[in-house]
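S.K.: Supplied in structure tokens, the structure appears directly below.
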Number of protein chains: 2
Amino acid sequence: MLEVKSVSEVIRIIDDNFSIPGLESDVLRIEEAVGRIAAEDLKAPEDIPGFSRSSVDGYAVISADTFGASESTPAQLMHTGEVKMGEKPQLSLKNGQAVYIPTGGEMPGNADAVVMVEYTENLDDGYVYIQKSAAPGNSVVYKGDDVKAGDLVIKSGTRLRPQDVGVLAAMGYSRIAVRRKIRVGIVSTGDEIIGVDEKPTGAQVRDINSYALYAGLLEHGAQPELYGIVKDNFENIRQVVDKALQHSDIVLVSGGSSAGARDETRKVIDSLGSPGVLVHGIAVKPGKPTILGKIGEKAVIGLPGHPASAYSIFKAFVCHLIDVMDGRKDELKPAVRAIMSCKYPSNSGREEFLPVELGDNEGKLYASPVFGKSGLITLLTAADGYVHISRGSEGVDQGSEVEVFLF
Amino acid sequence: MLEVKSVSEVIRIIDDNFSIPGLESDVLRIEEAVGRIAAEDLKAPEDIPGFSRSSVDGYAVISADTFGASESTPAQLMHTGEVKMGEKPQLSLKNGQAVYIPTGGEMPGNADAVVMVEYTENLDDGYVYIQKSAAPGNSVVYKGDDVKAGDLVIKSGTRLRPQDVGVLAAMGYSRIAVRRKIRVGIVSTGDEIIGVDEKPTGAQVRDINSYALYAGLLEHGAQPELYGIVKDNFENIRQVVDKALQHSDIVLVSGGSSAGARDETRKVIDSLGSPGVLVHGIAVKPGKPTILGKIGEKAVIGLPGHPASAYSIFKAFVCHLIDVMDGRKDELKPAVRAIMSCKYPSNSGREEFLPVELGDNEGKLYASPVFGKSGLITLLTAADGYVHISRGSEGVDQGSEVEVFLF
């Protein structure tokens with residue numbers, strides 16, 4: 001019999017036992033690749049910017065010509081032309097000359113600084129009056145200042161954010177290879193469970209977990225697949241989990257809620273290969289009867305049958321496992337700050353993911369625990385997120401600040 | 001000439017001027033509808049649960065039979081059968097009887113409480129020994145306890161989370177109507193801008209903003225469409241923005257970075273209809289030269305040309321506008337807490353979205369401002385998020401705690 005593990009022990013077991021599977025990748029247009037994981041190092045094929053340019057609207061000058069210039073004693077420079085956006089300037093400056101240049105325009109030959117238009121006066125007398133001294137390099141971005149040809153810009157394993165997509169565009173990558181999504185099969189077990197399109201008779205209930213998990217997996221960037229509902233017996237469960245394992249990196253077995261059903265899942269995992277069951281029971285509320293198994297390099301997870309518990313365990317452990325397999329386990333998890341609206345004493349010896357509802361009161365955000373006998377649906381829809389209460393703590397006081405991880 | 005507006009004024013102008021467009025909707029399978037907005041009120045067609053059930057594994061009893069029971073003086077009840085998951089129990093209890101019931105099993109007739117199996121003993125002598133007194137209703141979830149037939153469970157306008165999808169499944173909805181996504185056209189302007197697949201010659205640069213915005217829109221749940229790159233002149237820009245407006249709720253004009261280019265965008269907006277330009281200039285760093293216009297019920301936004309500025313304005317204002325049009329403007333924006341690694345004095349009179357990089361040091365998370373002359377790419381990829389520095393503040397001290405909104 002395996003002993004019940006703490007939350008941090010289970011996270012460590014996941015980190016130690018699983019890694020990024022295979023090397024298959026998809027080739028996508030960059031603008032569709034947001035949220036995906038780069039499958040290769042991407043280097044700059046050329047300098048960026050590819051030419052020295054002005055970072056302001058103003059006049060390109062030879063800086064020495066402006067030394068000592070001020071509003072009362074401006075430097076008088078001959079206005080000899082204008083740089084056009086996107087065009088290579090044909091002109092080259094001589095001492096005493098200035099050329100108008102827009103933001104992003106290429107620096108003309110010999111110019112080594114730009115004076116912002118706000119510090120100049122152009123009286124249309126053929127001269128421009130410079131009212132501020134410029135040092136060499138002022139308002140100039142030099143060729144390669146940003147990125148040098150050959151620099152590594154996007155590392156393999158990076159989850160691509162919109163701004164990374166922008167950078168890929170700058171470097172001329174229109175398509176890139178990204179890792180395929182982590183494939184997750186979902187199996188629902190339980191003699192009482194029927195499909196969403198069926199009408200319950202007797203003591204049947206519709207499958208909730210398959211759909212909530214599918215949606216949660218989509219939201220988390222994985223590729224879910226439903227393997228349907230199976231009756232609570234060893235052979236049926238084994239056959240479907242085995243089939244799901246062929247096509248998946250992770251198989252979720254959303255449990256029958258009774259003790260007998262949980263035992264079947266456990267036996268199935270141990271029967272399918274080694275090392276088999278790694279964790280049976282997590283010291284966390286809700287979600288104690290969670291099972292984590294490993295078959296070859298793949299994971300099988302037995303989730304509690306209660307939908308609120310199943311979803312809570314999904315967010316805390318399954319999403320972390322996906323992050324491990326995606327190579328992004330160190331990503332930060334943003335939260336909102338709120339004030340506890342009441343005292344919540346914690347259960348001795350067990351960590352808790354306390355579901356809370358958020359509400360505004362005079363501009364302050366309050367978190368209130370969502371209680372409910374076994375109101376599956378009430379609990380699921382009322383909760384905006386959860387507060388992680390650690391094992392050592394004695395709970396949370398009314399008025400104390402908490403971090404709420406949104407569901 | 002319109003005066004420069006503060007961040008909160010611009011947010012108010014967006015809230016006052018835009019609303020949810022049209023009423024078109026898509027019908028989707030519930031498990032694919034995560035992140036979408038419900039287009040109708042969804043009521044429970046039946047009670048949930050549809051029958052009274054046990055919330056534990058144990059023995060269903062008539063509670064009066066257990067009064068006074070304890071470990072030392074258990075109540076001896078005749079063990080008359082077992083409830084099967086998913087089946088309607090045929091048996092009905094008489095006083096002095098108990099029936100085994102699994103979690104989720106339907107309560108047999110006359111039973112009004114369940115005693116957890118942990119507090120019972122079954123010696124296989126035909127009796128079960130109850131070691132704890134049960135009150136009426138103990139460990140029972142009654143028919144309709146969770147949701148009554150006719151209750152409103154998902155309100156029109158709700159953004160569907162995975163758990164909402166689960167609730168829809170429980171109610172037997174397999175497909176639902178969701179609002180169509182907000183359509184956003186993207187136009188890039190600038191004589192110097194070329195497509196991602198082109199090779200720059202002279203002083204040309206590749207289009208960054210179109211791709212970063214497209215990806216950002218996908219991530220934010222909108223439906224982006226690229227309208228390509230147009231040269232910086234009134235007629236060209238007008239023609240393409242006009243066309244984009246026919247198919248979009250919002251058109252983003254990613255600006256030429258020069259003052260002249262910005263003026264063209266402004267004139268185009270005013271030429272296309274009324275009320276025209278609502279905001280020209282926001283007192284925020286970066287992103288001052290932002291333009292917000294309204295043509296009929298649609299929005300046209302002129303974004304700064306600098307990619308980091310454009311993206312910052314996109315996150316702060318365009319995403320908010322999409323939320324308004326999606327009916328979810330009050331959604332919370334999660335952040336991570338970090339400690340400032342250095343002092344950052346603020347610019348007088350302007351709000352700031354300060355790009356920061358996050359780093360771990362001995363278990364604590366630190367935020368460091370990302371500086372950079374005009375290093376477009378460096379700025380874009382190095383920043384993990386931004387700190388919002390308000391107008392009144394004098395900046396942020398080293399060691400103070402800040403909220404970082406992730407990019």
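Chain labels follow the order of the structure tokens: the first chain is A, the next B, and so on; residue numbering restarts at 1 in every chain, and ligands are counted from 1 in their shown order.
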Excluding same-chain residues fewer than 5 positions from Pro275 (chain B), what lies within 9 Å of it counting only C-alpha atoms, as a list in words?

M.R.: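 So, after excluding close chain neighbours, the residues are Asp270, Gly293, Lys294, Ile295 and Gly296 of chain B.
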
S.K.: Would you put the residues from that selection into a file with N, CA, C and O atoms, as an mmCIF file, in the first residue's frame?

M.R.:
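Wrote out31.cif, looks like this:
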data_model
loop_
_atom_site.group_PDB
_atom_site.id
_atom_site.type_symbol
_atom_site.label_atom_id
_atom_site.label_comp_id
_atom_site.auth_asym_id
_atom_site.auth_seq_id
_atom_site.Cartn_x
_atom_site.Cartn_y
_atom_site.Cartn_z
ATOM 1 N N ASP B 270 -11.348 60.587 -39.611
ATOM 2 C CA ASP B 270 -12.354 61.649 -39.693
ATOM 3 C C ASP B 270 -13.104 61.636 -41.028
ATOM 4 O O ASP B 270 -14.252 62.066 -41.102
ATOM 5 N N GLY B 293 -10.775 56.285 -32.733
ATOM 6 C CA GLY B 293 -11.881 56.862 -33.485
ATOM 7 C C GLY B 293 -13.069 55.936 -33.488
ATOM 8 O O GLY B 293 -12.961 54.744 -33.197
ATOM 9 N N LYS B 294 -14.222 56.504 -33.824
ATOM 10 C CA LYS B 294 -15.456 55.720 -33.887
ATOM 11 C C LYS B 294 -16.176 56.060 -35.186
ATOM 12 O O LYS B 294 -16.381 57.245 -35.495
ATOM 13 N N ILE B 295 -16.496 55.038 -35.955
ATOM 14 C CA ILE B 295 -17.237 55.221 -37.203
ATOM 15 C C ILE B 295 -18.511 54.403 -37.047
ATOM 16 O O ILE B 295 -18.451 53.163 -37.035
ATOM 17 N N GLY B 296 -19.651 55.053 -36.926
ATOM 18 C CA GLY B 296 -20.884 54.329 -36.610
ATOM 19 C C GLY B 296 -20.685 53.652 -35.259
ATOM 20 O O GLY B 296 -20.326 54.313 -34.287
#

S.K.: What residues in chain B lie within 7 Å of chain A, counting only C-alpha atoms, written as an MDAnalysis selection string?

M.R.: chainID B and resid 31:32 34 51 55 57 85:88 102:103 105:106 141 146 162:167 169:170 172:174 191:192 196:197 202:204 206:209 211:216 257:258 334:336 374:378 380:381

S.K.: Which one is closest to Gly185 (chain B): B:Lys243, B:Gln131, B:Leu292, B:Asp326? Count only C-alpha atoms.

M.R.: B:Lys243

S.K.: Among region 312-355 of chain A, which residues carry a DSSP assignment of alpha helix (DSSP H), reported as number ranges by chain?

M.R.: A: 312-313, 319-325

S.K.: Any chance you can output those residues with C-alpha atoms as a short mmCIF file (atom, residue, chain, number, x, y, z; two decimals), in the first residue's frame?

M.R.:
data_model
loop_
_atom_site.label_atom_id
_atom_site.label_comp_id
_atom_site.auth_asym_id
_atom_site.auth_seq_id
_atom_site.Cartn_x
_atom_site.Cartn_y
_atom_site.Cartn_z
CA SER A 312 -9.20 21.18 -8.60
CA ILE A 313 -6.75 18.26 -9.00
CA CYS A 319 -1.70 21.21 -15.73
CA HIS A 320 1.70 20.99 -14.04
CA LEU A 321 2.38 17.64 -15.72
CA ILE A 322 1.45 19.14 -19.10
CA ASP A 323 3.82 22.04 -18.39
CA VAL A 324 6.59 19.52 -17.60
CA MET A 325 5.96 17.68 -20.87
#

S.K.: List the spatial neighbours of Glu352 (chain A) as a list in words - criterion: any atom at most 8 Å away, only C-alpha atoms, same-chain residues fewer than 4 positions off excluded.

M.R.: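 Skipping anything fewer than 4 positions along the chain leaves Val284, Lys285, Pro286, Ser346, Asn347, Val387, His388, Ile389, Ser390 and Arg391 of chain A.
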
S.K.: Considering only C-alpha atoms, return as a PyMOL selection string whatever protein or nucleic-acid residues lie within 9 Å of Val396 (chain A), sequence-local ones (same chain, fewer than 5 positions apart) excluded.

M.R.: chain A and resi 340+342-346+389+401-402

S.K.: Which of region 148-359 of chain B counts as strand (DSSP E or B) under DSSP, as a ChimeraX atom specification please?

M.R.: /B:152-154,159,175-179,183-189,193-194,203,205-206,223-230,250-254,275-280,282,284-285,291-295,298-303,335-340,344-345,351-359

S.K.: Output C-alpha atoms of each residue in that selection to a file, as a CSV table (one decimal), in the first residue's frame.

M.R.:
chain,number,residue,atom,x,y,z
B,152,LEU,CA,-30.9,30.2,-14.4
B,153,VAL,CA,-27.4,28.5,-14.3
B,154,ILE,CA,-25.4,30.3,-17.0
B,159,ARG,CA,-17.4,33.8,-20.6
B,175,ARG,CA,-24.5,22.3,-28.1
B,176,ILE,CA,-25.0,25.9,-27.2
B,177,ALA,CA,-25.1,29.3,-28.9
B,178,VAL,CA,-22.2,31.6,-28.3
B,179,ARG,CA,-21.6,35.1,-29.5
B,183,ARG,CA,-13.6,40.7,-35.6
B,184,VAL,CA,-10.5,42.9,-35.8
B,185,GLY,CA,-8.9,44.0,-39.0
B,186,ILE,CA,-5.2,44.9,-39.0
B,187,VAL,CA,-3.7,47.4,-41.4
B,188,SER,CA,0.0,48.2,-41.4
B,189,THR,CA,1.1,51.6,-42.8
B,193,ILE,CA,7.5,48.5,-44.2
B,194,ILE,CA,7.8,45.2,-46.2
B,203,ALA,CA,16.2,51.3,-45.5
B,205,VAL,CA,12.1,47.0,-42.4
B,206,ARG,CA,9.8,44.0,-42.0
B,223,GLN,CA,-10.8,36.9,-34.7
B,224,PRO,CA,-8.0,38.8,-36.4
B,225,GLU,CA,-7.7,39.4,-40.1
B,226,LEU,CA,-4.6,40.9,-41.9
B,227,TYR,CA,-5.3,43.6,-44.5
B,228,GLY,CA,-1.6,44.0,-45.5
B,229,ILE,CA,0.8,46.9,-45.7
B,230,VAL,CA,-0.2,50.2,-47.3
B,250,ILE,CA,-12.5,47.1,-34.8
B,251,VAL,CA,-9.7,48.2,-37.2
B,252,LEU,CA,-6.2,48.6,-36.0
B,253,VAL,CA,-4.0,50.9,-38.0
B,254,SER,CA,-0.5,50.2,-37.0
B,275,PRO,CA,-18.3,60.8,-34.8
B,276,GLY,CA,-14.7,60.3,-36.1
B,277,VAL,CA,-11.7,60.8,-33.8
B,278,LEU,CA,-12.5,60.7,-30.1
B,279,VAL,CA,-9.0,60.6,-28.7
B,280,HIS,CA,-5.7,61.9,-30.2
B,282,ILE,CA,-2.8,59.5,-24.4
B,284,VAL,CA,1.1,57.4,-21.1
B,285,LYS,CA,4.5,56.2,-21.6
B,291,ILE,CA,-5.6,57.6,-31.8
B,292,LEU,CA,-9.1,56.3,-31.0
B,293,GLY,CA,-11.9,56.9,-33.5
B,294,LYS,CA,-15.5,55.7,-33.9
B,295,ILE,CA,-17.2,55.2,-37.2
B,298,LYS,CA,-17.2,50.5,-35.0
B,299,ALA,CA,-13.8,51.5,-33.7
B,300,VAL,CA,-10.7,52.5,-35.5
B,301,ILE,CA,-7.5,52.7,-33.5
B,302,GLY,CA,-4.2,54.2,-34.7
B,303,LEU,CA,-1.4,52.5,-32.8
B,335,ALA,CA,-0.9,39.6,-11.9
B,336,VAL,CA,2.2,38.2,-10.2
B,337,ARG,CA,3.7,39.9,-7.2
B,338,ALA,CA,7.4,40.8,-7.3
B,339,ILE,CA,9.9,43.0,-5.6
B,340,MET,CA,11.5,45.9,-7.4
B,344,TYR,CA,12.5,53.6,-10.7
B,345,PRO,CA,11.6,57.3,-10.6
B,351,GLU,CA,1.3,57.3,-16.4
B,352,GLU,CA,3.7,54.6,-17.3
B,353,PHE,CA,3.5,51.0,-18.4
B,354,LEU,CA,7.0,50.0,-17.3
B,355,PRO,CA,8.2,46.9,-19.0
B,356,VAL,CA,10.0,44.6,-16.5
B,357,GLU,CA,11.9,41.4,-16.6
B,358,LEU,CA,11.2,38.9,-13.8
B,359,GLY,CA,14.0,36.9,-12.1
